[in-house]
Amino acid sequence: MAIEGKVIIIMGASSGIGEATARILAEKGAKLVLAARREDRLKEIKESLPEAHIVYRKADVANHEEVQQVIDLAIAEYGQLDVLFNNAGIMPTAPLAETRRDEWKNMLDINVMGVLNGIAAALPKMVEQKSGHIISTDSVAGHVVYPHSAVYCGTKFAVRAIMEGLRQEQRENNIKSTIISPGAVLTELYTTINDKEASVALHQAQSEWGLAAEDIAQAVAYVIDTPDRVSVSDMIIRPTAQE
Ligand code: NDP
C-alpha cells in the first residue's frame with residue numbers, strides 16, 4: 001500500500017517537522033491523526049487542509065493514558081493503524097553542572113517515555129494486524145555527544161536503542177521500526193531552551209544553514225512509501241554545511 005489511504009498518527013504535529021510531515025502526507029492522501037499539547041495549532045492545520053482526512057486530539061506524550069486515547073481515536077475513526085510517528089521532543093540544553101533537574105526530567109519524560117508510551121499503545125493493534133510501522137524522530141545527537149547537550153543526547157541515544165530493540169523483537173510480526181536522525185532544522189525547537197543565550201545561538205545557526213522542516217518530512221514520506229520487504233532502520237539527514 002502506498003501512502004494514500006494509510007492511517008498515520010503523528011505525535012508532536014503542531015509545529016516544525018511534525019506539521020510539515022502532516023502537510024505532505026495529507027497531500028498524498030493519508031488518513032491522519034494529529035496530536036500535541038497545543039490543540040489550537042492542530043485545529044489550524046486541519047482547517048487549512050479542508051480536503052484532507054484529519055482528526056486531531058490534544059495529548060501530552062508523557063501521559064500514557066492520553067497517548068492511548070490518540071491510538072484509540074485512530075482505530076475508532078479509521079479501523080486500522082498503519083504508522084505511528086513518534087516525533088514529539090524538547091531540547092532544553094545546559095551544562096550538567098547547572099543541575100537543572102526539572103529540565104532533565106522533562107526531557108526524559110517527553111523524549112524517551114513519550115516514545116515508549118507510543119510503542120506501548122500502538123503495538124497491540126499492530127501485532128494483531130501483523131503489520132505496522134513505528135517511526136521515531138531521533139537526531140544526529142543520538143549518534144554524537146555535544147557539550148551542554150549531554151541529557152538531550154542521552155535521550156536520543158536511548159530512542160535509538162529502543163527502536164533497534166523494537167526492530168529485532170517485531171520483525172517477525174511484519175512491523176517496521178525506523179529512526180529519522182536530523183541535523184539542525186529550522187523549527188520552534190530553540191524555544192524549548194530556557195537559557196536565553198543558547199536559544200538565540202541555536203536559532204541563528206538554524207536560520208543561517210539549517211534544513212527546512214519539509215526536508216525531513218520528505219524523508220518520513222519516503223520511508224512510509226517503501227514496500228513491505230524494505231525496512232529503513234536509520235536515516236541521518238544533515239544540512240550540507242553541518243560539521
Ligand atoms: P518543534 O518545537 O517545532 O516541534 C516539537 C513538537 O513536539 C511540537 O509539535 C510540540 O507540540 C511537540 N511536543 C513537545 N512536547 C510535547 C509533549 N509533552 N506532548 C506532545 N507533544 C509535544 O521542533 P522540531 O520540529 O524540531 O522537533 C521535532 C523532533 O525533531 C523532536 O523530537 C526533536 O528532538 C527532533 N529534532 C529536531 C532537530 C532540529 O534541529 N529542529 C534536530 C534533530 C532532531 P506542543 O508543544 O503543541 O505539545
# chains A, B, ... in the order shown; residues from 1 in each chain; ligands from 1
>>> residues_near_ligand(ligand="ligand 1", cutoff="6 Å", atoms="only C-alpha atoms and all ligand atoms", output="compact mmCIF listing (two decimals) with N, CA and C atoms, in the first residue's frame")
# COMPACT_ATOMS: atom_id res chain seq x y z
N MET A 11 2.55 12.18 16.50
CA MET A 11 2.65 12.76 17.83
C MET A 11 3.63 13.95 17.73
N GLY A 12 3.24 15.11 18.21
CA GLY A 12 4.09 16.29 18.03
C GLY A 12 3.88 16.87 16.65
N ALA A 13 2.59 17.09 16.30
CA ALA A 13 2.23 17.50 14.93
C ALA A 13 1.94 18.99 14.84
N SER A 14 2.07 19.73 15.95
CA SER A 14 1.57 21.11 15.94
C SER A 14 2.53 22.13 15.36
N SER A 15 3.80 21.75 15.13
CA SER A 15 4.75 22.70 14.53
C SER A 15 5.92 21.92 13.94
N GLY A 16 6.82 22.65 13.27
CA GLY A 16 8.09 22.08 12.82
C GLY A 16 7.96 20.83 11.96
N ILE A 17 8.77 19.83 12.27
CA ILE A 17 8.85 18.60 11.47
C ILE A 17 7.49 17.88 11.43
N GLY A 18 6.81 17.83 12.57
CA GLY A 18 5.53 17.13 12.63
C GLY A 18 4.48 17.79 11.74
N ALA A 36 -0.77 16.70 19.89
CA ALA A 36 0.21 17.58 20.54
C ALA A 36 -0.52 18.25 21.69
N ARG A 37 0.21 19.09 22.44
CA ARG A 37 -0.46 19.79 23.54
C ARG A 37 -1.20 21.04 23.06
N ARG A 38 -0.69 21.71 22.00
CA ARG A 38 -1.32 22.95 21.53
C ARG A 38 -2.45 22.62 20.54
N ALA A 59 -2.91 15.96 23.36
CA ALA A 59 -2.31 14.90 24.17
C ALA A 59 -0.89 15.30 24.57
N ASP A 60 -0.53 14.94 25.77
CA ASP A 60 0.85 15.10 26.26
C ASP A 60 1.49 13.71 26.18
N VAL A 61 2.56 13.56 25.41
CA VAL A 61 3.13 12.22 25.22
C VAL A 61 3.70 11.62 26.51
N ALA A 62 3.94 12.49 27.50
CA ALA A 62 4.45 11.97 28.77
C ALA A 62 3.35 11.25 29.57
N ASN A 87 7.21 11.84 17.16
CA ASN A 87 8.06 12.97 16.76
C ASN A 87 8.20 14.02 17.86
N ALA A 88 7.36 13.95 18.90
CA ALA A 88 7.39 14.98 19.94
C ALA A 88 8.75 15.01 20.63
N GLY A 89 9.23 16.21 20.90
CA GLY A 89 10.51 16.31 21.61
C GLY A 89 10.78 17.73 22.06
N ILE A 90 11.64 17.85 23.08
CA ILE A 90 12.10 19.16 23.55
C ILE A 90 13.62 19.09 23.72
N ILE A 110 9.41 13.29 28.09
CA ILE A 110 8.85 13.56 26.75
C ILE A 110 9.63 12.80 25.68
N THR A 137 11.47 10.26 15.65
CA THR A 137 12.47 11.27 15.30
C THR A 137 13.59 11.20 16.32
N ASP A 138 14.75 10.78 15.85
CA ASP A 138 15.94 10.76 16.69
C ASP A 138 16.71 12.04 16.41
N SER A 139 18.01 11.96 16.18
CA SER A 139 18.81 13.16 15.93
C SER A 139 20.24 12.73 15.63
N PRO A 182 17.75 13.83 12.16
CA PRO A 182 18.10 15.10 11.52
C PRO A 182 19.28 15.79 12.20
N GLY A 183 20.01 16.57 11.40
CA GLY A 183 20.91 17.59 11.96
C GLY A 183 20.06 18.82 12.24
N ALA A 184 20.67 20.00 12.15
CA ALA A 184 19.92 21.23 12.51
C ALA A 184 18.81 21.52 11.50
N VAL A 185 17.62 21.77 12.03
CA VAL A 185 16.45 22.08 11.21
C VAL A 185 15.81 23.34 11.77
N LEU A 186 15.41 24.24 10.90
CA LEU A 186 14.77 25.48 11.37
C LEU A 186 13.33 25.20 11.77
N THR A 187 13.11 25.13 13.09
CA THR A 187 11.78 24.87 13.67
C THR A 187 11.66 25.71 14.94
N GLU A 188 10.66 25.41 15.74
CA GLU A 188 10.49 26.13 17.01
C GLU A 188 11.25 25.47 18.16
N LEU A 189 12.09 24.48 17.85
CA LEU A 189 12.75 23.72 18.93
C LEU A 189 13.59 24.63 19.83
>>> residues_around(residues="Ile134 in chain A", least_positions_apart="5", cutoff="9 Å", atoms="only C-alpha atoms", output="list in words")
Asp82, Val83, Leu84, Phe85, Asn86, Gly118, Ile119, Ala122, Leu123, Met163, Leu166, Ile175, Lys176, Ser177, Thr178 and Ile179 of chain A
>>> select_by_dssp(residues="range 17-241 of chain A", states="helix (DSSP H, G or I)", output="count of residues only")
125
>>> atom_distance(atom1="CA of Met235 in chain A", atom2="CA of Tyr152 in chain A")
18.9 Å
>>> select_by_dssp(residues="chain A", states="strand (DSSP E)", output="count of residues only")
43
>>> residues_around(residues="Ala217 in chain A", least_positions_apart="5", cutoff="7 Å", atoms="only C-alpha atoms", output="MDAnalysis selection string")
chainID A and resid 17 20:21 24
>>> closest_residue(among="A:Lys125, A:Glu172, A:Asn194, A:Val220", to="Asp102 in chain A", atoms="only C-alpha atoms")
A:Asn194
>>> closest_residue(among="A:Tyr222, A:Ser131, A:Ser233, A:Asn111", to="Gln168 in chain A", atoms="only C-alpha atoms")
A:Ser233
>>> residues_around(residues="Leu73 in chain A", least_positions_apart="4", cutoff="10 Å", atoms="only C-alpha atoms", output="VMD selection string")
chain A and resid 9 33 55 to 57 67 to 69 77 to 79
>>> atom_distance(atom1="CA of Ile8 in chain A", atom2="CA of Pro227 in chain A")
16.1 Å
>>> closest_residue(among="A:Ala212, A:Glu243, A:Pro95, A:Ala150", to="Glu19 in chain A", atoms="only C-alpha atoms")
A:Ala212
>>> closest_residue(among="A:Glu51, A:Lys130, A:Asp195, A:Leu116", to="Gly165 in chain A", atoms="only C-alpha atoms")
A:Leu116
>>> residues_around(residues="Glu4 in chain A", least_positions_apart="3", cutoff="6 Å", atoms="only C-alpha atoms", output="VMD selection string")
chain A and resid 28 to 30
>>> closest_residue(among="A:Ser149, A:Ser231, A:Thr93, A:Ser136", to="Ser181 in chain A", atoms="only C-alpha atoms")
A:Ser136
>>> atom_distance(atom1="CA of Ala35 in chain A", atom2="CA of Val144 in chain A")
29.1 Å
